$ cat work-v9.txt   # compact mmCIF, C-alpha atoms
# COMPACT_ATOMS: atom_id res chain seq x y z
CA MET A 1 -36.41 12.31 38.04
CA SER A 2 -37.92 13.90 34.96
CA ASN A 3 -39.38 11.72 32.24
CA TYR A 4 -36.64 12.96 29.93
CA SER A 5 -33.22 14.61 29.95
CA LYS A 6 -31.16 16.13 27.17
CA THR A 7 -27.61 17.30 26.57
CA ASN A 8 -25.44 18.27 23.62
CA ALA A 9 -21.98 16.84 22.95
CA THR A 10 -19.71 18.32 20.33
CA GLY A 11 -15.99 18.84 20.11
CA THR A 12 -13.15 16.58 21.08
CA GLU A 13 -13.60 16.09 24.83
CA ARG A 14 -14.70 12.63 26.00
CA ILE A 15 -18.18 12.86 27.49
CA GLU A 16 -19.85 10.10 29.52
CA LEU A 17 -23.62 10.44 29.44
CA HIS A 18 -24.73 7.98 32.16
CA ASP A 19 -24.66 10.49 34.99
CA ILE A 20 -25.44 13.56 32.88
CA LEU A 21 -28.65 12.06 31.48
CA GLY A 22 -29.53 9.72 34.36
CA LEU A 23 -29.32 6.63 32.18
CA THR A 24 -30.31 3.36 33.85
CA GLY A 25 -29.87 0.83 31.04
CA ALA A 26 -26.69 1.96 29.32
CA GLU A 27 -23.57 4.03 29.48
CA VAL A 28 -22.97 6.04 26.31
CA SER A 29 -19.70 7.88 25.79
CA VAL A 30 -18.81 10.32 23.02
CA ASN A 31 -15.15 9.99 22.07
CA TYR A 32 -12.57 11.58 19.78
CA MET A 33 -9.02 10.58 18.95
CA PRO A 34 -6.71 12.54 16.63
CA ALA A 35 -4.95 10.87 13.70
CA GLY A 36 -2.32 8.41 14.88
CA ALA A 37 -3.67 8.13 18.42
CA GLY A 38 -5.02 5.01 20.07
CA VAL A 39 -6.44 3.71 23.32
CA PRO A 40 -3.25 2.86 25.25
CA PHE A 41 -4.48 -0.49 26.64
CA VAL A 42 -6.28 -3.67 25.65
CA HIS A 43 -9.50 -4.31 27.54
CA ALA A 44 -12.42 -6.67 27.85
CA HIS A 45 -15.58 -6.49 29.99
CA LYS A 46 -17.06 -8.54 32.80
CA GLN A 47 -20.69 -8.39 31.68
CA ASN A 48 -21.19 -5.56 29.23
CA GLU A 49 -21.67 -5.80 25.49
CA GLU A 50 -20.29 -2.77 23.66
CA ILE A 51 -21.69 -1.17 20.52
CA TYR A 52 -19.41 1.26 18.72
CA VAL A 53 -20.87 3.84 16.34
CA ILE A 54 -18.36 5.57 14.07
CA LEU A 55 -19.59 9.14 13.64
CA GLU A 56 -16.71 10.62 11.65
CA GLY A 57 -13.27 9.67 10.40
CA ARG A 58 -11.54 6.30 10.24
CA GLY A 59 -9.70 3.89 12.45
CA SER A 60 -9.41 0.26 13.37
CA MET A 61 -9.95 -2.08 16.28
CA VAL A 62 -7.90 -5.15 17.08
CA ILE A 63 -10.33 -7.73 18.47
CA ASP A 64 -8.78 -10.92 19.84
CA GLY A 65 -5.83 -10.35 17.54
CA GLU A 66 -7.87 -9.60 14.40
CA LYS A 67 -7.73 -6.10 12.89
CA VAL A 68 -11.15 -4.68 11.95
CA GLU A 69 -11.25 -1.52 9.82
CA LEU A 70 -13.71 1.18 10.93
CA ASN A 71 -15.27 3.91 8.82
CA ALA A 72 -17.98 6.53 9.30
CA ASN A 73 -21.45 5.01 9.69
CA ASP A 74 -20.06 1.65 10.82
CA PHE A 75 -21.81 -0.07 13.72
CA LEU A 76 -19.79 -2.68 15.62
CA ARG A 77 -20.92 -5.09 18.34
CA VAL A 78 -18.19 -6.49 20.62
CA SER A 79 -18.88 -9.33 23.07
CA PRO A 80 -17.91 -8.77 26.72
CA GLU A 81 -15.05 -11.27 26.72
CA ALA A 82 -13.39 -10.05 23.52
CA LYS A 83 -10.06 -8.29 24.02
CA ARG A 84 -10.21 -5.02 22.12
CA GLN A 85 -8.06 -1.99 21.35
CA LEU A 86 -9.21 0.94 19.21
CA SER A 87 -7.00 3.34 17.23
CA ALA A 88 -7.57 6.24 14.91
CA ALA A 89 -6.08 5.87 11.43
CA ALA A 90 -2.59 7.24 10.89
CA ASP A 91 -4.02 9.90 8.57
CA SER A 92 -7.49 10.49 10.03
CA PRO A 93 -9.05 11.31 13.38
CA ILE A 94 -12.01 9.27 14.55
CA ARG A 95 -15.14 10.38 16.42
CA TYR A 96 -17.30 7.63 17.84
CA LEU A 97 -19.88 6.57 20.36
CA CYS A 98 -19.33 3.66 22.72
CA ILE A 99 -22.59 2.20 24.04
CA GLN A 100 -22.25 -0.18 26.99
CA VAL A 101 -25.17 -2.44 27.86
CA LYS A 102 -25.49 -5.55 29.99
CA ALA A 103 -25.20 -8.58 27.71
CA GLY A 104 -28.47 -10.52 27.57
CA SER A 105 -30.47 -7.81 29.32
CA LEU A 106 -32.92 -6.90 26.54
CA ASP A 107 -36.24 -8.76 26.80
CA GLU A 108 -38.57 -7.12 24.31
CA TYR A 109 -38.05 -4.27 21.91
CA THR A 110 -39.64 -2.03 19.29
CA ALA A 111 -43.21 -3.16 18.55
CA ASN A 112 -43.27 -5.80 21.28
CA ASP A 113 -42.29 -3.29 23.97
CA ALA A 114 -44.31 -0.37 22.64
CA LEU A 115 -47.56 0.98 24.01
CA LEU A 116 -49.52 3.12 21.58
CA GLY A 117 -51.46 6.01 23.00
CA MET B 1 -21.56 -16.43 17.45
CA SER B 2 -18.45 -14.45 16.68
CA ASN B 3 -16.96 -12.18 19.32
CA TYR B 4 -17.85 -9.22 17.11
CA SER B 5 -20.08 -8.18 14.22
CA LYS B 6 -20.10 -5.09 12.03
CA THR B 7 -22.36 -3.41 9.53
CA ASN B 8 -22.61 -0.04 7.80
CA ALA B 9 -25.75 2.10 7.71
CA THR B 10 -26.02 5.13 5.47
CA GLY B 11 -28.84 6.65 3.48
CA THR B 12 -32.44 7.17 4.38
CA GLU B 13 -33.77 3.65 4.96
CA ARG B 14 -34.64 2.70 8.55
CA ILE B 15 -32.26 -0.01 9.73
CA GLU B 16 -32.73 -2.07 12.90
CA LEU B 17 -29.44 -3.47 14.13
CA HIS B 18 -30.55 -6.00 16.77
CA ASP B 19 -30.81 -8.95 14.39
CA ILE B 20 -28.14 -7.77 11.96
CA LEU B 21 -25.47 -7.48 14.67
CA GLY B 22 -26.79 -10.09 17.10
CA LEU B 23 -27.25 -7.54 19.88
CA THR B 24 -28.34 -8.96 23.25
CA GLY B 25 -28.51 -5.83 25.42
CA ALA B 26 -30.04 -3.22 23.12
CA GLU B 27 -31.92 -2.51 19.95
CA VAL B 28 -30.36 0.30 17.93
CA SER B 29 -32.17 1.74 14.93
CA VAL B 30 -30.88 4.24 12.38
CA ASN B 31 -33.65 6.53 11.21
CA TYR B 32 -34.28 9.36 8.76
CA MET B 33 -37.28 11.61 8.24
CA PRO B 34 -37.52 14.31 5.55
CA ALA B 35 -38.42 17.89 6.41
CA GLY B 36 -42.01 18.18 7.55
CA ALA B 37 -42.44 14.48 8.32
CA GLY B 38 -43.17 12.95 11.70
CA VAL B 39 -43.80 9.64 13.39
CA PRO B 40 -47.55 9.21 12.85
CA PHE B 41 -48.36 8.00 16.38
CA VAL B 42 -47.64 8.69 20.04
CA HIS B 43 -45.99 5.84 21.89
CA ALA B 44 -44.56 4.81 25.23
CA HIS B 45 -42.74 1.64 26.32
CA LYS B 46 -43.42 -1.17 28.75
CA GLN B 47 -39.89 -1.55 30.11
CA ASN B 48 -37.42 0.08 27.76
CA GLU B 49 -35.57 3.34 28.24
CA GLU B 50 -34.84 5.07 24.93
CA ILE B 51 -31.79 7.17 24.09
CA TYR B 52 -32.04 9.31 20.97
CA VAL B 53 -28.88 10.55 19.25
CA ILE B 54 -29.40 13.29 16.68
CA LEU B 55 -26.85 12.69 13.93
CA GLU B 56 -27.88 15.38 11.43
CA GLY B 57 -30.60 17.95 10.94
CA ARG B 58 -33.25 19.26 13.30
CA GLY B 59 -36.59 18.32 14.73
CA SER B 60 -38.57 18.12 17.91
CA MET B 61 -40.19 15.62 20.22
CA VAL B 62 -43.38 16.13 22.18
CA ILE B 63 -42.89 14.34 25.51
CA ASP B 64 -45.94 14.15 27.76
CA GLY B 65 -47.23 17.29 26.08
CA GLU B 66 -43.99 19.28 26.27
CA LYS B 67 -42.16 20.16 23.05
CA VAL B 68 -38.40 19.51 23.15
CA GLU B 69 -36.25 20.94 20.34
CA LEU B 70 -33.65 18.59 18.85
CA ASN B 71 -30.47 19.52 17.02
CA ALA B 72 -27.43 17.66 15.73
CA ASN B 73 -25.27 16.22 18.53
CA ASP B 74 -28.15 16.23 21.00
CA PHE B 75 -28.52 13.18 23.24
CA LEU B 76 -31.96 12.59 24.78
CA ARG B 77 -33.05 10.06 27.40
CA VAL B 78 -36.76 9.22 27.52
CA SER B 79 -38.23 7.15 30.36
CA PRO B 80 -40.32 4.09 29.41
CA GLU B 81 -43.64 5.54 30.53
CA ALA B 82 -43.27 8.92 28.79
CA LYS B 83 -45.59 9.45 25.82
CA ARG B 84 -43.46 10.63 22.92
CA GLN B 85 -43.77 11.69 19.29
CA LEU B 86 -40.84 12.76 17.12
CA SER B 87 -40.99 15.03 14.06
CA ALA B 88 -38.47 16.51 11.67
CA ALA B 89 -38.44 20.31 11.46
CA ALA B 90 -40.61 21.90 8.80
CA ASP B 91 -37.47 23.07 6.98
CA SER B 92 -34.95 20.34 7.84
CA PRO B 93 -34.72 16.57 7.67
CA ILE B 94 -33.49 14.70 10.71
CA ARG B 95 -31.24 11.65 10.94
CA TYR B 96 -31.04 9.94 14.31
CA LEU B 97 -30.32 6.82 16.29
CA CYS B 98 -32.84 5.32 18.68
CA ILE B 99 -31.20 3.10 21.32
CA GLN B 100 -33.60 0.91 23.31
CA VAL B 101 -32.37 -0.66 26.54
CA LYS B 102 -34.14 -2.26 29.48
CA ALA B 103 -34.58 0.40 32.18
CA GLY B 104 -32.54 -0.41 35.28
CA SER B 105 -30.56 -3.18 33.59
CA LEU B 106 -27.06 -1.69 33.80
CA ASP B 107 -25.10 -2.91 36.84
CA GLU B 108 -21.53 -1.78 36.32
CA TYR B 109 -19.91 0.19 33.53
CA THR B 110 -16.68 1.66 32.18
CA ALA B 111 -13.84 1.15 34.68
CA ASN B 112 -15.89 -0.96 37.07
CA ASP B 113 -16.86 -3.42 34.34
CA ALA B 114 -13.54 -3.41 32.51
CA LEU B 115 -10.87 -6.10 32.58
CA LEU B 116 -7.47 -4.91 31.46
CA GLY B 117 -5.43 -7.46 29.53

$ encode --input "work-v9.txt" --output "structure tokens"
Amino acid sequence: MSNYSKTNATGTERIELHDILGLTGAEVSVNYMPAGAGVPFVHAHKQNEEIYVILEGRGSMVIDGEKVELNANDFLRVSPEAKRQLSAAADSPIRYLCIQVKAGSLDEYTANDALLG
Amino acid sequence: MSNYSKTNATGTERIELHDILGLTGAEVSVNYMPAGAGVPFVHAHKQNEEIYVILEGRGSMVIDGEKVELNANDFLRVSPEAKRQLSAAADSPIRYLCIQVKAGSLDEYTANDALLG
């Protein structure tokens, strides 16, 4: 496999990048929901932490019964076991990334994992 | 620790989310470089795969000597061992996410890791 891979994701179609980019440490999906729409089920995860990045618009997520408002440039961590359900606002679409990573998997990062050269 | 955590990141300051959000499976940084600026060093990683998300603007990354153009809504995977150096375009700033995850750490994802409830 190449030392890098690249794709572009615009528009409203859900795109899952794991297979497209050959990711090995994460799944990253690009998602869009129109105003008033929502994910039609509550879900949790077996082992994956999720990180949501709100790119555009507004919405909310109910997490273990608590409603959390979401706006552009918000970054949200959700633990694997938390029961979650995301919706766009009634009067705004929402465009967001969902990053799935294995909880507890990161050993070192940034300066401690870097090799200058 | 709570089952979720949230923050907002706008503007031009570099923000590292690992400690702010209590991430355990990734480091995510929000970055901005003005037109003409670049990361002043080449680097690789010991064990982390990086995923770059171009939020706004344009730039390029030299990866093992090859120049890769970057535009808004591009998603780029870079293998740990690849030598990389990112720059904004001469005539455009660039705003981007850098997601660091441990290469090979993801076991299951999306439907296979989900628990409906």

$ calpha_fit_and_write --input "work-v9.txt" --fixed "chain B" --moving "chain A" --output "tab-separated table (two decimals) with C-alpha atoms, in the frame of the given file"
chain	number	residue	atom	x	y	z
A	1	MET	CA	-21.59	-16.44	17.47
A	2	SER	CA	-18.48	-14.43	16.68
A	3	ASN	CA	-16.98	-12.17	19.31
A	4	TYR	CA	-17.86	-9.21	17.10
A	5	SER	CA	-20.09	-8.19	14.20
A	6	LYS	CA	-20.10	-5.10	12.02
A	7	THR	CA	-22.37	-3.39	9.52
A	8	ASN	CA	-22.61	-0.03	7.80
A	9	ALA	CA	-25.75	2.11	7.71
A	10	THR	CA	-26.02	5.13	5.48
A	11	GLY	CA	-28.83	6.66	3.50
A	12	THR	CA	-32.44	7.19	4.39
A	13	GLU	CA	-33.78	3.67	4.97
A	14	ARG	CA	-34.64	2.71	8.56
A	15	ILE	CA	-32.26	0.00	9.73
A	16	GLU	CA	-32.74	-2.07	12.90
A	17	LEU	CA	-29.44	-3.47	14.12
A	18	HIS	CA	-30.55	-6.00	16.78
A	19	ASP	CA	-30.81	-8.94	14.41
A	20	ILE	CA	-28.15	-7.77	11.96
A	21	LEU	CA	-25.47	-7.48	14.65
A	22	GLY	CA	-26.80	-10.08	17.10
A	23	LEU	CA	-27.25	-7.54	19.88
A	24	THR	CA	-28.34	-8.95	23.24
A	25	GLY	CA	-28.51	-5.83	25.42
A	26	ALA	CA	-30.03	-3.23	23.12
A	27	GLU	CA	-31.92	-2.51	19.96
A	28	VAL	CA	-30.37	0.31	17.93
A	29	SER	CA	-32.18	1.74	14.93
A	30	VAL	CA	-30.88	4.23	12.38
A	31	ASN	CA	-33.66	6.53	11.21
A	32	TYR	CA	-34.28	9.36	8.75
A	33	MET	CA	-37.27	11.61	8.23
A	34	PRO	CA	-37.51	14.30	5.54
A	35	ALA	CA	-38.42	17.89	6.40
A	36	GLY	CA	-42.01	18.18	7.56
A	37	ALA	CA	-42.43	14.48	8.31
A	38	GLY	CA	-43.16	12.94	11.68
A	39	VAL	CA	-43.79	9.63	13.39
A	40	PRO	CA	-47.55	9.20	12.84
A	41	PHE	CA	-48.35	7.98	16.38
A	42	VAL	CA	-47.65	8.69	20.04
A	43	HIS	CA	-45.98	5.84	21.90
A	44	ALA	CA	-44.56	4.81	25.23
A	45	HIS	CA	-42.74	1.64	26.32
A	46	LYS	CA	-43.42	-1.18	28.75
A	47	GLN	CA	-39.89	-1.55	30.10
A	48	ASN	CA	-37.41	0.07	27.76
A	49	GLU	CA	-35.58	3.34	28.23
A	50	GLU	CA	-34.84	5.08	24.93
A	51	ILE	CA	-31.80	7.17	24.09
A	52	TYR	CA	-32.05	9.31	20.97
A	53	VAL	CA	-28.89	10.54	19.25
A	54	ILE	CA	-29.40	13.30	16.68
A	55	LEU	CA	-26.86	12.68	13.93
A	56	GLU	CA	-27.89	15.36	11.44
A	57	GLY	CA	-30.60	17.95	10.93
A	58	ARG	CA	-33.25	19.26	13.31
A	59	GLY	CA	-36.59	18.30	14.73
A	60	SER	CA	-38.57	18.12	17.91
A	61	MET	CA	-40.19	15.62	20.22
A	62	VAL	CA	-43.37	16.13	22.18
A	63	ILE	CA	-42.89	14.33	25.50
A	64	ASP	CA	-45.94	14.15	27.77
A	65	GLY	CA	-47.24	17.28	26.08
A	66	GLU	CA	-43.99	19.26	26.28
A	67	LYS	CA	-42.17	20.16	23.05
A	68	VAL	CA	-38.41	19.51	23.15
A	69	GLU	CA	-36.27	20.94	20.34
A	70	LEU	CA	-33.65	18.59	18.85
A	71	ASN	CA	-30.47	19.51	17.03
A	72	ALA	CA	-27.42	17.65	15.73
A	73	ASN	CA	-25.26	16.22	18.52
A	74	ASP	CA	-28.15	16.22	21.00
A	75	PHE	CA	-28.52	13.17	23.24
A	76	LEU	CA	-31.95	12.60	24.78
A	77	ARG	CA	-33.03	10.05	27.39
A	78	VAL	CA	-36.75	9.21	27.53
A	79	SER	CA	-38.25	7.15	30.36
A	80	PRO	CA	-40.33	4.09	29.40
A	81	GLU	CA	-43.65	5.55	30.52
A	82	ALA	CA	-43.27	8.92	28.79
A	83	LYS	CA	-45.58	9.45	25.82
A	84	ARG	CA	-43.45	10.63	22.92
A	85	GLN	CA	-43.79	11.69	19.29
A	86	LEU	CA	-40.85	12.76	17.11
A	87	SER	CA	-40.98	15.04	14.06
A	88	ALA	CA	-38.47	16.50	11.67
A	89	ALA	CA	-38.44	20.30	11.46
A	90	ALA	CA	-40.61	21.90	8.80
A	91	ASP	CA	-37.47	23.08	6.99
A	92	SER	CA	-34.95	20.34	7.84
A	93	PRO	CA	-34.71	16.57	7.67
A	94	ILE	CA	-33.49	14.70	10.71
A	95	ARG	CA	-31.23	11.64	10.94
A	96	TYR	CA	-31.04	9.94	14.31
A	97	LEU	CA	-30.32	6.83	16.29
A	98	CYS	CA	-32.83	5.32	18.68
A	99	ILE	CA	-31.21	3.11	21.32
A	100	GLN	CA	-33.59	0.90	23.31
A	101	VAL	CA	-32.36	-0.65	26.55
A	102	LYS	CA	-34.14	-2.25	29.48
A	103	ALA	CA	-34.59	0.41	32.17
A	104	GLY	CA	-32.54	-0.41	35.27
A	105	SER	CA	-30.57	-3.17	33.58
A	106	LEU	CA	-27.06	-1.69	33.79
A	107	ASP	CA	-25.10	-2.90	36.83
A	108	GLU	CA	-21.53	-1.76	36.32
A	109	TYR	CA	-19.91	0.20	33.54
A	110	THR	CA	-16.68	1.65	32.18
A	111	ALA	CA	-13.84	1.15	34.68
A	112	ASN	CA	-15.89	-0.96	37.07
A	113	ASP	CA	-16.85	-3.43	34.34
A	114	ALA	CA	-13.53	-3.42	32.51
A	115	LEU	CA	-10.88	-6.11	32.58
A	116	LEU	CA	-7.45	-4.95	31.45
A	117	GLY	CA	-5.32	-7.42	29.58

$ atom_distance --input "work-v9.txt" --atom1 "atom CA of A:Arg14" --atom2 "atom CA of A:Cys98"
10.6 Å

$ closest_atom_pairs --input "work-v9.txt" --of "chain B" --to "chain A" --cutoff "7 Å" --atoms "all atoms listed in the file" --output "JSON lines"
{"residue": "B:Asn3", "atom": "CA", "partner": "A:Ser79", "partner_atom": "CA", "distance": 5.1}
{"residue": "B:Tyr4", "atom": "CA", "partner": "A:Val78", "partner_atom": "CA", "distance": 4.5}
{"residue": "B:Ser5", "atom": "CA", "partner": "A:Arg77", "partner_atom": "CA", "distance": 5.2}
{"residue": "B:Lys6", "atom": "CA", "partner": "A:Leu76", "partner_atom": "CA", "distance": 4.3}
{"residue": "B:Thr7", "atom": "CA", "partner": "A:Phe75", "partner_atom": "CA", "distance": 5.4}
{"residue": "B:Asn8", "atom": "CA", "partner": "A:Asp74", "partner_atom": "CA", "distance": 4.3}
{"residue": "B:Ala9", "atom": "CA", "partner": "A:Asn73", "partner_atom": "CA", "distance": 5.6}
{"residue": "B:Thr10", "atom": "CA", "partner": "A:Asn73", "partner_atom": "CA", "distance": 6.2}
{"residue": "B:Leu21", "atom": "CA", "partner": "A:Arg77", "partner_atom": "CA", "distance": 6.3}
{"residue": "B:Leu23", "atom": "CA", "partner": "A:Arg77", "partner_atom": "CA", "distance": 7.0}
{"residue": "B:Thr24", "atom": "CA", "partner": "A:Gly104", "partner_atom": "CA", "distance": 4.6}
{"residue": "B:Gly25", "atom": "CA", "partner": "A:Leu106", "partner_atom": "CA", "distance": 4.7}
{"residue": "B:Ala26", "atom": "CA", "partner": "A:Leu106", "partner_atom": "CA", "distance": 5.8}
{"residue": "B:Glu27", "atom": "CA", "partner": "A:Tyr109", "partner_atom": "CA", "distance": 6.7}
{"residue": "B:Val42", "atom": "CA", "partner": "A:Gly117", "partner_atom": "CA", "distance": 5.5}
{"residue": "B:His43", "atom": "CA", "partner": "A:Leu116", "partner_atom": "CA", "distance": 4.5}
{"residue": "B:Ala44", "atom": "CA", "partner": "A:Leu115", "partner_atom": "CA", "distance": 5.0}
{"residue": "B:His45", "atom": "CA", "partner": "A:Ala114", "partner_atom": "CA", "distance": 4.5}
{"residue": "B:Lys46", "atom": "CA", "partner": "A:Asp113", "partner_atom": "CA", "distance": 5.3}
{"residue": "B:Gln47", "atom": "CA", "partner": "A:Asp113", "partner_atom": "CA", "distance": 6.8}
{"residue": "B:Glu49", "atom": "CA", "partner": "A:Gly25", "partner_atom": "CA", "distance": 6.8}
{"residue": "B:Asn73", "atom": "CA", "partner": "A:Asn8", "partner_atom": "CA", "distance": 5.5}
{"residue": "B:Asp74", "atom": "CA", "partner": "A:Asn8", "partner_atom": "CA", "distance": 4.3}
{"residue": "B:Phe75", "atom": "CA", "partner": "A:Thr7", "partner_atom": "CA", "distance": 5.4}
{"residue": "B:Leu76", "atom": "CA", "partner": "A:Lys6", "partner_atom": "CA", "distance": 4.3}
{"residue": "B:Arg77", "atom": "CA", "partner": "A:Ser5", "partner_atom": "CA", "distance": 5.2}
{"residue": "B:Val78", "atom": "CA", "partner": "A:Tyr4", "partner_atom": "CA", "distance": 4.5}
{"residue": "B:Ser79", "atom": "CA", "partner": "A:Asn3", "partner_atom": "CA", "distance": 5.1}
{"residue": "B:Ala82", "atom": "CA", "partner": "A:Asn3", "partner_atom": "CA", "distance": 5.9}
{"residue": "B:Gln100", "atom": "CA", "partner": "A:Tyr109", "partner_atom": "CA", "distance": 7.0}
{"residue": "B:Val101", "atom": "CA", "partner": "A:Gly25", "partner_atom": "CA", "distance": 5.4}
{"residue": "B:Lys102", "atom": "CA", "partner": "A:Gly25", "partner_atom": "CA", "distance": 5.5}
{"residue": "B:Ala103", "atom": "CA", "partner": "A:Gly25", "partner_atom": "CA", "distance": 4.9}
{"residue": "B:Gly104", "atom": "CA", "partner": "A:Thr24", "partner_atom": "CA", "distance": 4.6}
{"residue": "B:Ser105", "atom": "CA", "partner": "A:Gly25", "partner_atom": "CA", "distance": 4.8}
{"residue": "B:Leu106", "atom": "CA", "partner": "A:Gly25", "partner_atom": "CA", "distance": 4.7}
{"residue": "B:Tyr109", "atom": "CA", "partner": "A:Glu27", "partner_atom": "CA", "distance": 6.7}
{"residue": "B:Asp113", "atom": "CA", "partner": "A:Lys46", "partner_atom": "CA", "distance": 5.4}
{"residue": "B:Ala114", "atom": "CA", "partner": "A:His45", "partner_atom": "CA", "distance": 4.5}
{"residue": "B:Leu115", "atom": "CA", "partner": "A:Ala44", "partner_atom": "CA", "distance": 5.0}
{"residue": "B:Leu116", "atom": "CA", "partner": "A:His43", "partner_atom": "CA", "distance": 4.5}
{"residue": "B:Gly117", "atom": "CA", "partner": "A:Val42", "partner_atom": "CA", "distance": 5.5}

$ residues_near_point --input "work-v9.txt" --point "(-37.8, 24.9, 11.8)" --cutoff "10 Å" --atoms "only C-alpha atoms" --output "VMD selection string"
chain B and resid 35 to 36 58 to 60 69 88 to 93

$ write_last_selection --input "work-v9.txt" --atoms "C-alpha atoms" --output "CSV table (one decimal), in the frame of the given file"
chain,number,residue,atom,x,y,z
B,35,ALA,CA,-38.4,17.9,6.4
B,36,GLY,CA,-42.0,18.2,7.6
B,58,ARG,CA,-33.2,19.3,13.3
B,59,GLY,CA,-36.6,18.3,14.7
B,60,SER,CA,-38.6,18.1,17.9
B,69,GLU,CA,-36.2,20.9,20.3
B,88,ALA,CA,-38.5,16.5,11.7
B,89,ALA,CA,-38.4,20.3,11.5
B,90,ALA,CA,-40.6,21.9,8.8
B,91,ASP,CA,-37.5,23.1,7.0
B,92,SER,CA,-35.0,20.3,7.8
B,93,PRO,CA,-34.7,16.6,7.7

$ atom_distance --input "work-v9.txt" --atom1 "atom CA of B:Gly65" --atom2 "atom CA of B:Ser87"
13.7 Å

$ atom_distance --input "work-v9.txt" --atom1 "atom CA of B:Glu13" --atom2 "atom CA of B:Asn31"
6.9 Å
